[in-house]
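Only one structure is covered here, and it is reproduced in the block below.
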Amino acid sequence: MNIFGMTDKGITRKNNEDSFFLTSGPIGVFDALMVVCDGMGGHKLGEVASSTAVRAFVDSVSSETETNPAYVMEQAVSIANLEVRKASEEHRSFGMGTTLVACGVQGKTAYVSNVGDSRMYLVNRNDRSILQVTHDHSYVEEQVARGLLSRGSDEYNRKKNVITRAVGVYSEVEADQFEIDLQEGDYLLLCSDGLTNLVSDEEIKATVLDESIPLKERVGILVDAANAYGGRDNITVVLYNTKEVFE
């Protein structure tokens, strides 16, 4: 198995407002596709927002006739945004929204889109490195970038769940887009902040690179680690081994 995903409501939350999709088989222009969405906490029907966004994104990718991968990803985000807004109106739950991080693999290139603070990491076993590919759209990270706040400070920890961009909140949404040349030995990990708020990048890297353990179990170990550190939020992890790209 070269891909596996898991979601868990955590210890303190009553509902799981995360949703995800994965396939290592062809879909639209991609050879593999992964999506993770985290419904906005504190808003009603976050689970509807996240599941609607995932479904709309995947449907858009699978039906798109355009062959430019970056365009396909951009359009899928726009359609997901539209469908979450429609769901918000249907459920009379205005302001409903969700984060979104998605990765489509075509050949030896990964195309990534993100809105909000769900993340994608690139982990390489050859140089044993971990790279956060996406940038959090959050109040604290914007303040850090401006030199007005220190990462890990008390204020940072108090306000790190405040996101500044989400799918479904406004009529239009701008996603960050990334294009990555893959190398043999790369792993792609997508996750909600229920993992990264509690488990360090170094611990994530060490778990992902422990190839003595089946990939499915490594995902479970990461989810268990977040729960062991308090499980204060829903936790979703999708892990993909790109080895078949190089076979």
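We label chains A, B, ... in the order they appear in the structure tokens, count residues from 1 in each chain, and number ligands from 1 in the order shown.
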Where does region 91-162 of chain A meet region 15-18 of chain A within 12 Å, residue by residue, with the nearest atom pair and distance in Å to one decimal for each, counting only C-alpha atoms, listed by chain and rising number, as CSV?
```
residue,atom,partner,partner_atom,distance
A:Met96,CA,A:Glu17,CA,11.6
A:Gly97,CA,A:Glu17,CA,10.7
A:Thr98,CA,A:Asp18,CA,8.8
A:Thr99,CA,A:Asp18,CA,9.3
A:Leu100,CA,A:Asp18,CA,10.0
A:Val101,CA,A:Asp18,CA,11.7
A:Ser118,CA,A:Asp18,CA,10.3
```
What does the file look like for those residues with C-alpha atoms, as an mmCIF file, in the first residue's frame?
```
data_model
loop_
_atom_site.group_PDB
_atom_site.id
_atom_site.type_symbol
_atom_site.label_atom_id
_atom_site.label_comp_id
_atom_site.auth_asym_id
_atom_site.auth_seq_id
_atom_site.Cartn_x
_atom_site.Cartn_y
_atom_site.Cartn_z
ATOM 1 C CA MET A 96 -19.965 28.276 7.083
ATOM 2 C CA GLY A 97 -16.463 27.563 5.812
ATOM 3 C CA THR A 98 -13.568 25.137 5.680
ATOM 4 C CA THR A 99 -9.850 24.936 5.101
ATOM 5 C CA LEU A 100 -8.625 22.995 2.082
ATOM 6 C CA VAL A 101 -5.314 21.466 1.115
ATOM 7 C CA SER A 118 -4.342 22.653 6.834
#
```
For this session: Do a neighbour search on region 33-41 of chain A at 7 Å with only C-alpha atoms, toss out local chain neighbours closer than 5 positions, and write the hits as JSON, numbers by chain.
Result: {"A": [17, 18, 19, 20, 21, 22, 23, 24, 46, 47, 49, 50, 54, 97, 98, 99, 100, 101, 102, 103, 104, 105, 190, 191, 192]}
Expected file contents, prior selection, N, CA and C atoms, as a short mmCIF file (atom, residue, chain, number, x, y, z; two decimals), in the first residue's frame:
```
data_model
loop_
_atom_site.label_atom_id
_atom_site.label_comp_id
_atom_site.auth_asym_id
_atom_site.auth_seq_id
_atom_site.Cartn_x
_atom_site.Cartn_y
_atom_site.Cartn_z
N GLU A 17 -15.29 17.38 12.27
CA GLU A 17 -15.59 18.30 11.19
C GLU A 17 -14.54 18.25 10.08
N ASP A 18 -13.64 17.26 10.14
CA ASP A 18 -12.66 17.04 9.07
C ASP A 18 -13.23 16.08 8.03
N SER A 19 -12.77 16.22 6.78
CA SER A 19 -13.10 15.28 5.71
C SER A 19 -11.87 15.12 4.83
N PHE A 20 -11.76 13.97 4.17
CA PHE A 20 -10.63 13.79 3.27
C PHE A 20 -10.99 12.85 2.13
N PHE A 21 -10.15 12.89 1.09
CA PHE A 21 -10.27 11.99 -0.06
C PHE A 21 -8.87 11.61 -0.49
N LEU A 22 -8.72 10.40 -0.99
CA LEU A 22 -7.44 9.99 -1.56
C LEU A 22 -7.64 8.92 -2.62
N THR A 23 -6.78 8.94 -3.60
CA THR A 23 -6.69 7.85 -4.57
C THR A 23 -5.30 7.85 -5.17
N SER A 24 -4.73 6.67 -5.33
CA SER A 24 -3.44 6.55 -6.00
C SER A 24 -3.64 6.05 -7.43
N GLY A 46 -19.79 22.53 10.43
CA GLY A 46 -18.45 22.47 9.86
C GLY A 46 -18.22 21.19 9.09
N GLU A 47 -18.85 20.09 9.54
CA GLU A 47 -18.70 18.82 8.84
C GLU A 47 -19.35 18.86 7.46
N ALA A 49 -19.57 21.66 5.63
CA ALA A 49 -18.65 22.49 4.83
C ALA A 49 -17.48 21.66 4.31
N SER A 50 -16.86 20.89 5.18
CA SER A 50 -15.67 20.13 4.76
C SER A 50 -16.02 19.02 3.77
N VAL A 54 -14.75 18.80 -0.18
CA VAL A 54 -14.02 17.63 -0.70
C VAL A 54 -14.73 17.06 -1.92
N GLY A 97 -17.67 27.61 6.62
CA GLY A 97 -16.46 27.56 5.81
C GLY A 97 -15.56 26.42 6.21
N THR A 98 -14.50 26.24 5.45
CA THR A 98 -13.57 25.14 5.68
C THR A 98 -12.19 25.48 5.12
N THR A 99 -11.17 24.90 5.71
CA THR A 99 -9.85 24.94 5.10
C THR A 99 -9.83 23.92 3.96
N LEU A 100 -8.80 24.00 3.14
CA LEU A 100 -8.63 22.99 2.08
C LEU A 100 -7.15 22.91 1.73
N VAL A 101 -6.63 21.71 1.70
CA VAL A 101 -5.31 21.47 1.12
C VAL A 101 -5.45 20.26 0.20
N ALA A 102 -4.91 20.40 -1.01
CA ALA A 102 -5.05 19.33 -2.01
C ALA A 102 -3.75 19.17 -2.77
N CYS A 103 -3.50 17.95 -3.20
CA CYS A 103 -2.30 17.66 -3.99
C CYS A 103 -2.65 16.68 -5.10
N GLY A 104 -2.38 17.08 -6.33
CA GLY A 104 -2.52 16.18 -7.47
C GLY A 104 -1.15 15.86 -8.03
N VAL A 105 -0.88 14.58 -8.24
CA VAL A 105 0.42 14.14 -8.77
C VAL A 105 0.26 13.76 -10.23
N LEU A 190 -0.48 15.18 3.94
CA LEU A 190 -1.48 16.23 4.09
C LEU A 190 -2.16 16.03 5.43
N CYS A 191 -2.48 17.13 6.12
CA CYS A 191 -3.07 16.99 7.45
C CYS A 191 -3.83 18.24 7.86
N SER A 192 -4.73 18.06 8.82
CA SER A 192 -5.40 19.19 9.45
C SER A 192 -4.56 19.65 10.64
#
```
For this session: Would you please give, as a VMD selection string, all residues of region 36-158 of chain A that DSSP assigns to strand (DSSP E) based on the backbone?
Result: chain A and resid 36 to 38 100 to 106 109 to 115 119 to 124 129 to 132
Could you give me, as CSV, every region 40-136 of chain A residue with an atom at most 10 Å from region 200-221 of chain A, plus its closest atom pair and distance in Å to one decimal, counting only C-alpha atoms, rows ordered by chain then number?
```
residue,atom,partner,partner_atom,distance
A:Tyr121,CA,A:Asp201,CA,9.1
A:Leu122,CA,A:Lys205,CA,9.4
A:Val123,CA,A:Lys205,CA,6.6
A:Asn124,CA,A:Leu209,CA,7.9
A:Arg125,CA,A:Leu209,CA,6.1
A:Asn126,CA,A:Leu209,CA,9.7
A:Arg128,CA,A:Leu209,CA,7.6
A:Ser129,CA,A:Lys205,CA,7.4
A:Ile130,CA,A:Lys205,CA,6.1
A:Leu131,CA,A:Asp201,CA,8.8
A:Gln132,CA,A:Asp201,CA,8.7
```
Residues of region 42-75 of chain A that approach region 82-86 of chain A to 7 Å or less, counting only C-alpha atoms: could you list each one with the shortest pair of atoms and its distance in Å to one decimal, rows by chain and increasing residue number, as JSON lines?
```
{"residue": "A:Ala49", "atom": "CA", "partner": "A:Val84", "partner_atom": "CA", "distance": 5.6}
{"residue": "A:Thr52", "atom": "CA", "partner": "A:Val84", "partner_atom": "CA", "distance": 6.0}
{"residue": "A:Ala53", "atom": "CA", "partner": "A:Val84", "partner_atom": "CA", "distance": 6.1}
{"residue": "A:Ala56", "atom": "CA", "partner": "A:Glu83", "partner_atom": "CA", "distance": 6.7}
```
Problem set entry | In region 29-236 of chain A, DSSP helix (DSSP H, G or I) residues written as a PyMOL selection string | chain A and resi 46-63+69-90+139-145+154-159+193-196+201-208+215-228
Each residue of region 133-227 of chain A lying at most 12 Å from region 61-71 of chain A should get a row with its shortest atom-to-atom pair and the distance in Å to one decimal, counting only C-alpha atoms; could you produce that, ordered by chain and increasing number, as a Markdown table?
```
| residue | atom | partner | partner_atom | distance |
| --- | --- | --- | --- | --- |
| A:Ala175 | CA | A:Ala70 | CA | 11.3 |
| A:Asp176 | CA | A:Ala70 | CA | 10.9 |
| A:Gln177 | CA | A:Ala70 | CA | 7.6 |
| A:Phe178 | CA | A:Ala70 | CA | 8.5 |
| A:Glu179 | CA | A:Ala70 | CA | 8.1 |
| A:Ile180 | CA | A:Ala70 | CA | 11.5 |
```
Create the file for the chosen residues now, containing C-alpha atoms and written as a PDB file, in the first residue's frame.
```pdb
ATOM      1  CA  ALA A 175      -5.736  29.604  -3.022  1.00  0.00           C
ATOM      2  CA  ASP A 176      -1.963  29.454  -2.843  1.00  0.00           C
ATOM      3  CA  GLN A 177      -0.572  27.262  -5.627  1.00  0.00           C
ATOM      4  CA  PHE A 178       2.674  25.292  -5.525  1.00  0.00           C
ATOM      5  CA  GLU A 179       4.446  23.054  -8.022  1.00  0.00           C
ATOM      6  CA  ILE A 180       7.010  20.547  -6.745  1.00  0.00           C
TER       7      ILE A 180
END
```
For this session: Would you please work out which residue, of A:Ile79, A:Val162, A:Ala32, A:Met6, is nearest to Leu195 (chain A) when using only C-alpha atoms?
Result: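 For Leu195 (chain A), the nearest of the candidates is A:Met6.
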For this session: Measure the distance from CA of Leu239 (chain A) to CA of Glu174 (chain A) in Å and round it to one decimal.
Result: 25.3 Å
